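The data block below is coords.json; it holds JSON, C-alpha atoms.
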[["chain", "number", "residue", "atom", "x", "y", "z"],
["A", 1156, "MET", "CA", -22.57, 40.39, -68.94],
["A", 1157, "ASP", "CA", -24.25, 39.02, -65.81],
["A", 1158, "LYS", "CA", -22.01, 37.92, -63.00],
["A", 1159, "ARG", "CA", -22.82, 35.14, -60.59],
["A", 1160, "ALA", "CA", -21.42, 34.45, -57.15],
["A", 1161, "ILE", "CA", -19.43, 31.27, -56.54],
["A", 1162, "LYS", "CA", -18.85, 30.16, -52.98],
["A", 1163, "ILE", "CA", -15.23, 29.22, -52.23],
["A", 1164, "ILE", "CA", -14.46, 26.87, -49.33],
["A", 1165, "CYS", "CA", -10.99, 27.30, -47.83],
["A", 1166, "PHE", "CA", -8.84, 24.96, -45.75],
["A", 1167, "ALA", "CA", -5.80, 25.01, -43.49],
["A", 1168, "GLY", "CA", -3.50, 28.02, -43.96],
["A", 1169, "LEU", "CA", -5.86, 29.63, -46.45],
["A", 1170, "ARG", "CA", -8.30, 30.50, -43.66],
["A", 1171, "LYS", "CA", -5.82, 33.10, -42.43],
["A", 1172, "TYR", "CA", -6.49, 35.06, -45.61],
["A", 1173, "PHE", "CA", -10.12, 34.31, -46.46],
["A", 1174, "GLY", "CA", -11.79, 32.64, -43.47],
["A", 1175, "SER", "CA", -13.54, 29.32, -43.97],
["A", 1176, "GLU", "CA", -15.41, 30.55, -47.02],
["A", 1177, "THR", "CA", -15.58, 33.53, -49.32],
["A", 1178, "THR", "CA", -17.25, 34.49, -52.57],
["A", 1179, "VAL", "CA", -15.93, 35.31, -56.02],
["A", 1180, "HIS", "CA", -18.04, 36.69, -58.87],
["A", 1181, "VAL", "CA", -17.60, 35.05, -62.27],
["A", 1182, "GLU", "CA", -19.09, 35.43, -65.71],
["A", 1183, "SER", "CA", -20.36, 32.83, -68.13],
["A", 1184, "GLY", "CA", -17.41, 31.33, -70.02],
["A", 1185, "ASP", "CA", -14.84, 32.13, -67.35],
["A", 1186, "ASN", "CA", -12.37, 29.41, -66.44],
["A", 1187, "TYR", "CA", -11.20, 28.45, -62.96],
["A", 1188, "SER", "CA", -8.13, 30.68, -63.15],
["A", 1189, "VAL", "CA", -10.51, 33.63, -62.84],
["A", 1190, "ILE", "CA", -11.31, 32.41, -59.35],
["A", 1191, "ILE", "CA", -7.65, 32.42, -58.38],
["A", 1192, "ASP", "CA", -7.27, 35.91, -59.85],
["A", 1193, "GLY", "CA", -10.37, 37.07, -57.98],
["A", 1194, "LEU", "CA", -8.97, 35.78, -54.70],
["A", 1195, "LYS", "CA", -5.65, 37.49, -55.32],
["A", 1196, "ALA", "CA", -7.56, 40.73, -55.79],
["A", 1197, "ILE", "CA", -9.49, 40.18, -52.54],
["A", 1198, "ASN", "CA", -6.28, 39.60, -50.59],
["A", 1199, "PRO", "CA", -2.97, 40.27, -52.39],
["A", 1200, "GLU", "CA", -1.07, 38.89, -49.38],
["A", 1201, "ALA", "CA", -2.32, 35.42, -50.37],
["A", 1202, "THR", "CA", -0.84, 35.63, -53.88],
["A", 1203, "GLU", "CA", 2.07, 33.30, -53.18],
["A", 1204, "VAL", "CA", 0.03, 30.53, -51.56],
["A", 1205, "LEU", "CA", -2.69, 30.83, -54.20],
["A", 1206, "THR", "CA", -0.21, 30.00, -56.95],
["A", 1207, "SER", "CA", 0.27, 26.56, -55.39],
["A", 1208, "CYS", "CA", -3.40, 25.81, -54.71],
["A", 1209, "ARG", "CA", -5.62, 23.47, -56.68],
["A", 1210, "ILE", "CA", -9.36, 23.65, -57.17],
["A", 1211, "ALA", "CA", -11.72, 20.76, -56.52],
["A", 1212, "VAL", "CA", -15.32, 20.47, -57.65],
["A", 1213, "ASN", "CA", -17.57, 17.57, -56.69],
["A", 1214, "GLU", "CA", -14.62, 15.90, -54.93],
["A", 1215, "ALA", "CA", -12.39, 15.89, -58.01],
["A", 1216, "PHE", "CA", -9.60, 18.22, -59.08],
["A", 1217, "VAL", "CA", -10.17, 20.47, -62.09],
["A", 1218, "SER", "CA", -7.62, 22.25, -64.26],
["A", 1219, "LEU", "CA", -7.40, 26.00, -63.99],
["A", 1220, "GLY", "CA", -7.96, 26.29, -67.73],
["A", 1221, "ASP", "CA", -11.29, 24.43, -67.62],
["A", 1222, "PRO", "CA", -14.47, 26.50, -67.95],
["A", 1223, "ILE", "CA", -16.48, 26.87, -64.74],
["A", 1224, "LYS", "CA", -19.44, 24.55, -65.14],
["A", 1225, "THR", "CA", -20.73, 24.25, -61.60],
["A", 1226, "GLU", "CA", -23.13, 26.32, -59.55],
["A", 1227, "ASN", "CA", -21.97, 24.46, -56.44],
["A", 1228, "ALA", "CA", -19.31, 25.62, -54.04],
["A", 1229, "ILE", "CA", -15.77, 25.02, -55.13],
["A", 1230, "PHE", "CA", -13.03, 23.86, -52.79],
["A", 1231, "LEU", "CA", -9.68, 25.59, -52.76],
["A", 1232, "ILE", "CA", -7.02, 23.01, -51.92],
["A", 1233, "PRO", "CA", -3.66, 24.23, -50.61],
["A", 1234, "PRO", "CA", -0.66, 21.91, -51.03],
["A", 1235, "SER", "CA", -0.88, 18.73, -48.99],
["A", 1236, "SER", "CA", 1.45, 18.70, -46.00],
["A", 1237, "GLY", "CA", 3.80, 16.16, -47.51],
["A", 1238, "GLY", "CA", 5.74, 14.42, -44.75],
["B", 1005, "MET", "CA", -12.71, 0.61, -43.59],
["B", 1006, "LYS", "CA", -12.83, 4.24, -42.56],
["B", 1007, "HIS", "CA", -9.66, 5.93, -43.83],
["B", 1008, "LEU", "CA", -9.89, 9.03, -41.65],
["B", 1009, "GLN", "CA", -10.15, 8.74, -37.89],
["B", 1010, "HIS", "CA", -10.62, 11.29, -35.14],
["B", 1011, "THR", "CA", -9.53, 8.87, -32.43],
["B", 1012, "ASP", "CA", -6.20, 7.16, -31.73],
["B", 1013, "LEU", "CA", -4.96, 4.69, -34.33],
["B", 1014, "ASN", "CA", -4.06, 1.31, -32.89],
["B", 1015, "TYR", "CA", -1.75, -0.26, -35.43],
["B", 1016, "SER", "CA", -1.34, -3.44, -33.38],
["B", 1017, "GLU", "CA", -5.06, -4.15, -33.63],
["B", 1018, "LEU", "CA", -5.09, -3.27, -37.32],
["B", 1019, "PHE", "CA", -2.16, -5.58, -37.92],
["B", 1020, "ASP", "CA", -3.84, -8.45, -36.07],
["B", 1021, "GLU", "CA", -7.04, -7.99, -38.07],
["B", 1022, "PHE", "CA", -5.02, -7.95, -41.26],
["B", 1023, "ARG", "CA", -3.72, -11.52, -41.22],
["B", 1024, "ASN", "CA", -4.46, -13.46, -44.39],
["B", 1025, "PRO", "CA", -3.37, -17.00, -45.27],
["B", 1026, "ASN", "CA", -2.43, -15.86, -48.78],
["B", 1027, "SER", "CA", -0.01, -13.21, -47.54],
["B", 1028, "GLY", "CA", 3.52, -14.42, -46.95],
["B", 1029, "ALA", "CA", 4.66, -10.83, -46.48],
["B", 1030, "VAL", "CA", 2.92, -8.11, -44.51],
["B", 1031, "VAL", "CA", 4.49, -4.63, -44.23],
["B", 1032, "LEU", "CA", 3.33, -2.10, -41.65],
["B", 1033, "PHE", "CA", 4.29, 1.58, -41.88],
["B", 1034, "SER", "CA", 3.47, 3.90, -38.99],
["B", 1035, "GLY", "CA", 4.01, 7.63, -39.51],
["B", 1036, "GLU", "CA", 4.56, 9.08, -36.05],
["B", 1037, "VAL", "CA", 4.77, 12.58, -34.63],
["B", 1038, "ARG", "CA", 8.36, 13.76, -34.02],
["B", 1039, "ASP", "CA", 9.28, 16.21, -31.29],
["B", 1040, "ASN", "CA", 11.20, 18.39, -33.73],
["B", 1041, "ASN", "CA", 11.09, 19.71, -37.27],
["B", 1042, "LYS", "CA", 13.78, 21.72, -39.05],
["B", 1043, "GLY", "CA", 15.53, 22.47, -35.77],
["B", 1044, "ARG", "CA", 12.41, 23.59, -33.91],
["B", 1045, "GLU", "CA", 10.85, 21.80, -30.94],
["B", 1046, "VAL", "CA", 7.36, 20.54, -31.71],
["B", 1047, "THR", "CA", 4.72, 20.16, -28.98],
["B", 1048, "HIS", "CA", 2.02, 18.40, -31.03],
["B", 1049, "LEU", "CA", 0.34, 18.33, -34.42],
["B", 1050, "GLU", "CA", -3.21, 18.84, -35.61],
["B", 1051, "TYR", "CA", -4.45, 17.32, -38.86],
["B", 1052, "GLU", "CA", -7.28, 18.66, -40.99],
["B", 1053, "ALA", "CA", -8.75, 17.22, -44.19],
["B", 1054, "TYR", "CA", -11.35, 17.83, -46.82],
["B", 1055, "GLU", "CA", -12.85, 14.60, -45.57],
["B", 1056, "PRO", "CA", -15.14, 13.34, -48.36],
["B", 1057, "MET", "CA", -12.49, 13.91, -51.00],
["B", 1058, "ALA", "CA", -9.61, 12.60, -48.89],
["B", 1059, "ASN", "CA", -11.52, 9.43, -48.06],
["B", 1060, "LYS", "CA", -12.40, 8.86, -51.70],
["B", 1061, "MET", "CA", -8.82, 9.49, -52.85],
["B", 1062, "ILE", "CA", -7.33, 7.08, -50.30],
["B", 1063, "GLU", "CA", -9.80, 4.43, -51.43],
["B", 1064, "GLU", "CA", -8.72, 4.95, -55.05],
["B", 1065, "ILE", "CA", -5.01, 4.85, -54.14],
["B", 1066, "LEU", "CA", -5.51, 1.54, -52.32],
["B", 1067, "LYS", "CA", -7.39, 0.04, -55.27],
["B", 1068, "GLU", "CA", -4.63, 1.16, -57.62],
["B", 1069, "ALA", "CA", -1.94, -0.33, -55.36],
["B", 1070, "ILE", "CA", -3.76, -3.65, -55.01],
["B", 1071, "SER", "CA", -4.05, -3.95, -58.77],
["B", 1072, "ARG", "CA", -0.57, -2.63, -59.63],
["B", 1073, "PHE", "CA", 1.38, -4.69, -57.07],
["B", 1074, "LYS", "CA", -0.95, -7.70, -57.04],
["B", 1075, "LEU", "CA", -1.58, -7.34, -53.31],
["B", 1076, "ASN", "CA", -3.92, -9.55, -51.35],
["B", 1077, "GLN", "CA", -4.98, -6.61, -49.22],
["B", 1078, "ALA", "CA", -4.05, -3.06, -48.28],
["B", 1079, "ILE", "CA", -5.28, -0.59, -45.70],
["B", 1080, "CYS", "CA", -4.51, 3.02, -44.87],
["B", 1081, "ALA", "CA", -5.84, 5.02, -41.94],
["B", 1082, "HIS", "CA", -4.96, 8.67, -41.22],
["B", 1083, "ARG", "CA", -5.57, 10.56, -38.00],
["B", 1084, "LEU", "CA", -7.38, 13.90, -37.92],
["B", 1085, "GLY", "CA", -7.34, 16.34, -35.04],
["B", 1086, "ARG", "CA", -4.70, 16.62, -32.35],
["B", 1087, "VAL", "CA", -1.91, 14.03, -32.21],
["B", 1088, "GLU", "CA", 0.68, 14.09, -29.45],
["B", 1089, "ILE", "CA", 4.43, 13.40, -29.78],
["B", 1090, "SER", "CA", 5.06, 9.73, -30.62],
["B", 1091, "GLY", "CA", 1.41, 9.38, -31.55],
["B", 1092, "CYS", "CA", 0.53, 7.52, -34.69],
["B", 1093, "ALA", "CA", -0.59, 9.87, -37.47],
["B", 1094, "VAL", "CA", -0.97, 7.41, -40.33],
["B", 1095, "VAL", "CA", -0.82, 3.66, -40.81],
["B", 1096, "VAL", "CA", -0.38, 1.73, -44.06],
["B", 1097, "ILE", "CA", -0.43, -2.07, -44.10],
["B", 1098, "THR", "CA", 0.13, -4.09, -47.24],
["B", 1099, "GLY", "CA", -0.02, -7.84, -47.71],
["B", 1100, "ALA", "CA", 1.30, -9.83, -50.65],
["B", 1101, "GLY", "CA", 2.59, -13.26, -51.47],
["B", 1102, "HIS", "CA", 6.17, -12.01, -51.31],
["B", 1103, "ARG", "CA", 8.01, -9.16, -49.62],
["B", 1104, "LYS", "CA", 9.04, -7.05, -52.62],
["B", 1105, "GLU", "CA", 5.45, -6.34, -53.64],
["B", 1106, "ALA", "CA", 4.43, -5.65, -50.05],
["B", 1107, "TYR", "CA", 7.32, -3.20, -49.50],
["B", 1108, "ASP", "CA", 6.98, -1.43, -52.85],
["B", 1109, "ALA", "CA", 3.23, -1.09, -52.54],
["B", 1110, "ASN", "CA", 3.48, 0.27, -49.02],
["B", 1111, "GLN", "CA", 5.84, 3.04, -50.12],
["B", 1112, "PHE", "CA", 3.71, 3.77, -53.17],
["B", 1113, "ILE", "CA", 0.63, 4.22, -50.98],
["B", 1114, "ILE", "CA", 2.18, 6.43, -48.31],
["B", 1115, "ASP", "CA", 3.93, 8.63, -50.88],
["B", 1116, "LYS", "CA", 0.70, 9.16, -52.80],
["B", 1117, "VAL", "CA", -1.35, 9.80, -49.69],
["B", 1118, "LYS", "CA", 1.16, 12.31, -48.35],
["B", 1119, "ASN", "CA", 1.65, 14.15, -51.62],
["B", 1120, "GLU", "CA", -1.80, 14.17, -53.18],
["B", 1121, "VAL", "CA", -4.57, 13.70, -50.66],
["B", 1122, "PRO", "CA", -6.06, 16.89, -49.17],
["B", 1123, "ILE", "CA", -4.88, 16.41, -45.60],
["B", 1124, "TRP", "CA", -3.01, 19.22, -43.86],
["B", 1125, "LYS", "CA", -0.67, 19.24, -40.90],
["B", 1126, "HIS", "CA", -0.61, 22.10, -38.40],
["B", 1127, "GLU", "CA", 2.58, 22.05, -36.34],
["B", 1128, "PHE", "CA", 2.69, 23.64, -32.89],
["B", 1129, "PHE", "CA", 6.05, 24.66, -31.40],
["B", 1130, "THR", "CA", 7.35, 25.12, -27.87],
["B", 1131, "ASP", "CA", 7.79, 28.87, -28.47],
["B", 1132, "GLY", "CA", 4.00, 29.21, -28.81],
["B", 1133, "THR", "CA", 3.97, 29.63, -32.59],
["B", 1134, "SER", "CA", 2.39, 27.33, -35.13],
["B", 1135, "GLU", "CA", 2.75, 26.68, -38.83],
["B", 1136, "TRP", "CA", 0.81, 24.85, -41.53],
["B", 1137, "GLY", "CA", 2.96, 22.27, -43.27],
["B", 1138, "GLN", "CA", 3.70, 23.05, -46.90],
["B", 1139, "ASN", "CA", 6.22, 20.42, -47.85],
["B", 1140, "CYS", "CA", 4.58, 19.62, -51.13],
["B", 1141, "ASP", "CA", 5.82, 22.20, -53.64],
["B", 1142, "CYS", "CA", 5.06, 20.23, -56.75],
["B", 1143, "VAL", "CA", 2.15, 22.22, -58.17],
["B", 1144, "ILE", "CA", 3.02, 23.91, -61.39],
["B", 1145, "GLY", "CA", 1.33, 26.87, -63.02],
["B", 1146, "THR", "CA", -1.29, 24.89, -64.89],
["B", 1147, "GLY", "CA", -2.82, 23.67, -61.67],
["B", 1148, "GLU", "CA", -1.61, 20.13, -62.38],
["B", 1149, "HIS", "CA", 0.69, 18.17, -60.07],
["B", 1150, "GLU", "CA", 4.04, 16.77, -61.06],
["B", 1151, "HIS", "CA", 5.25, 13.83, -59.07],
["B", 1152, "ASP", "CA", 8.32, 12.66, -60.89],
["B", 1153, "HIS", "CA", 10.47, 13.87, -58.01],
["B", 1154, "HIS", "CA", 10.77, 12.94, -54.35],
["B", 1155, "HIS", "CA", 9.45, 15.11, -51.58],
["B", 1156, "GLU", "CA", 11.18, 15.90, -48.36],
["B", 1157, "LYS", "CA", 9.79, 13.53, -45.78],
["B", 1158, "ALA", "CA", 9.15, 15.13, -42.40],
["B", 1159, "GLU", "CA", 8.11, 11.95, -40.65]]
Structure re-expressed in structure tokens:
Amino acid sequence: MDKRAIKIICFAGLRKYFGSETTVHVESGDNYSVIIDGLKAINPEATEVLTSCRIAVNEAFVSLGDPIKTENAIFLIPPSSGG
Amino acid sequence: MKHLQHTDLNYSELFDEFRNPNSGAVVLFSGEVRDNNKGREVTHLEYEAYEPMANKMIEEILKEAISRFKLNQAICAHRLGRVEISGCAVVVITGAGHRKEAYDANQFIIDKVKNEVPIWKHEFFTDGTSEWGQNCDCVIGTGEHEHDHHHEKAE
């Protein structure tokens, strides 16, 4: 099955692991959790922080179980700083 | 108004602009930069955001608060970039007919902004190290947030 590249934009502490942006290859029908898994494979040291990240598309959060519908960049959102 | 600002926040000016004859109660919260966190001496903070999304989310939070607490008005402005000790990092002002609504709404807004909006705090310490704030640990495995609990407040 053909794979396509999805651009991932990273913020804050995530840049230490991936820089400001990176790329993950996905297949048709994949859901957003595949992106998290792909990033863990790129840099296993980021596994812990990735488990607490959310994904945003078109300025709205998506669930990891949702199928990837966009061709646009996705935004990887680490936990907000809280206080 | 612009919810994210790269220049100093002047809460006195914001408060003066806020006056409304329908508001018998106006509550102002200023989140300010402390010189310490968890026993470590802090030199300054730097804030970063995913700006379009953060701005949109703050706008939605304010609309929700105005409707839910029957406010006359509400504003929230958050600093981005470097903020020195005792500098103002975030301001929330709420106005209502009576104080309970103004207080409750103010806390509702700041809690939501701090816990949900993609704004990140980078703390710099006197020993030369720095750390990204990660106080919000409420994301569960599904990628959804749970907010039935209180977060530690660092400000």
query = Which chain A residues are at most 10 Å from chain B (counting only C-alpha atoms), as a ChimeraX atom specification?
reply = /A:1164-1169,1187-1188,1204,1206-1220,1230-1238
Those residues with C-alpha atoms, as a PDB file, in the coordinates of the input please?
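Printed below is selection_29.pdb as written:
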ATOM      1  CA  ILE A1164     -14.460  26.870 -49.330  1.00  0.00           C
ATOM      2  CA  CYS A1165     -10.990  27.300 -47.830  1.00  0.00           C
ATOM      3  CA  PHE A1166      -8.840  24.960 -45.750  1.00  0.00           C
ATOM      4  CA  ALA A1167      -5.800  25.010 -43.490  1.00  0.00           C
ATOM      5  CA  GLY A1168      -3.500  28.020 -43.960  1.00  0.00           C
ATOM      6  CA  LEU A1169      -5.860  29.630 -46.450  1.00  0.00           C
ATOM      7  CA  TYR A1187     -11.200  28.450 -62.960  1.00  0.00           C
ATOM      8  CA  SER A1188      -8.130  30.680 -63.150  1.00  0.00           C
ATOM      9  CA  VAL A1204       0.030  30.530 -51.560  1.00  0.00           C
ATOM     10  CA  THR A1206      -0.210  30.000 -56.950  1.00  0.00           C
ATOM     11  CA  SER A1207       0.270  26.560 -55.390  1.00  0.00           C
ATOM     12  CA  CYS A1208      -3.400  25.810 -54.710  1.00  0.00           C
ATOM     13  CA  ARG A1209      -5.620  23.470 -56.680  1.00  0.00           C
ATOM     14  CA  ILE A1210      -9.360  23.650 -57.170  1.00  0.00           C
ATOM     15  CA  ALA A1211     -11.720  20.760 -56.520  1.00  0.00           C
ATOM     16  CA  VAL A1212     -15.320  20.470 -57.650  1.00  0.00           C
ATOM     17  CA  ASN A1213     -17.570  17.570 -56.690  1.00  0.00           C
ATOM     18  CA  GLU A1214     -14.620  15.900 -54.930  1.00  0.00           C
ATOM     19  CA  ALA A1215     -12.390  15.890 -58.010  1.00  0.00           C
ATOM     20  CA  PHE A1216      -9.600  18.220 -59.080  1.00  0.00           C
ATOM     21  CA  VAL A1217     -10.170  20.470 -62.090  1.00  0.00           C
ATOM     22  CA  SER A1218      -7.620  22.250 -64.260  1.00  0.00           C
ATOM     23  CA  LEU A1219      -7.400  26.000 -63.990  1.00  0.00           C
ATOM     24  CA  GLY A1220      -7.960  26.290 -67.730  1.00  0.00           C
ATOM     25  CA  PHE A1230     -13.030  23.860 -52.790  1.00  0.00           C
ATOM     26  CA  LEU A1231      -9.680  25.590 -52.760  1.00  0.00           C
ATOM     27  CA  ILE A1232      -7.020  23.010 -51.920  1.00  0.00           C
ATOM     28  CA  PRO A1233      -3.660  24.230 -50.610  1.00  0.00           C
ATOM     29  CA  PRO A1234      -0.660  21.910 -51.030  1.00  0.00           C
ATOM     30  CA  SER A1235      -0.880  18.730 -48.990  1.00  0.00           C
ATOM     31  CA  SER A1236       1.450  18.700 -46.000  1.00  0.00           C
ATOM     32  CA  GLY A1237       3.800  16.160 -47.510  1.00  0.00           C
ATOM     33  CA  GLY A1238       5.740  14.420 -44.750  1.00  0.00           C
TER      34      GLY A1238
END
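Picture a line from CA of Asp1157 (chain A) to CA of Glu1182 (chain A); it runs 6.3 Å.
Straight-line separation from CA of Ser1090 (chain B) to CA of Phe1019 (chain B): 18.4 Å.
Using all atoms listed in the file, the nearest neighbour of Tyr1107 (chain B) within the list B:Asn1040, B:Tyr1015, B:Asn1026, B:Ala1069 is B:Ala1069.
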query = Using all atoms listed in the file, which residues sit within 10 Å of Val1189 (chain A) once same-chain residues fewer than 2 positions away are excluded, as a ChimeraX atom specification?
reply = /A:1179-1182,1185-1187,1191-1195,1219-1220,1222-1223
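One distance worth recording is that between CA of Thr1130 (chain B) and CA of Lys1042 (chain B), which is 13.3 Å.
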So that I can see what lies close to Thr1178 (chain A), please list as a PDB file with C-alpha atoms, in the coordinates of the input the residues with an atom at most 6 Å from it, counting only C-alpha atoms and leaving out residues fewer than 4 positions away in the same chain.
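Saved result, result-v4.pdb, follows:
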ATOM      1  CA  ILE A1161     -19.430  31.270 -56.540  1.00  0.00           C
ATOM      2  CA  LYS A1162     -18.850  30.160 -52.980  1.00  0.00           C
ATOM      3  CA  ILE A1163     -15.230  29.220 -52.230  1.00  0.00           C
TER       4      ILE A1163
END
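Across B:Asn1014, B:Ser1027, B:Ser1034, B:Gln1009, the tightest approach to Arg1086 (chain B) is made by B:Gln1009 when counting all atoms listed in the file.
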query = Nearest to Leu1066 (chain B) among B:Asp1131, B:Thr1098, B:Asn1024, B:Leu1008, with distances taken over only C-alpha atoms: which residue is it?
reply = B:Thr1098
task = Compile the contact shell of Phe1129 (chain B) as a PyMOL selection string: residues with an atom at most 9 Å away, counting only C-alpha atoms, same-chain residues fewer than 5 positions apart removed.
result = chain B and resi 1040+1044-1048+1134-1135
Which centre and which edge lengths, in Å to one decimal, describe the axis-aligned box that holds all listed atoms of region 1039-1050 of chain B after 8 Å is added on each side, as JSON?
{"center_x": 6.2, "center_y": 19.9, "center_z": -34.0, "size_x": 34.7, "size_y": 23.4, "size_z": 26.1}
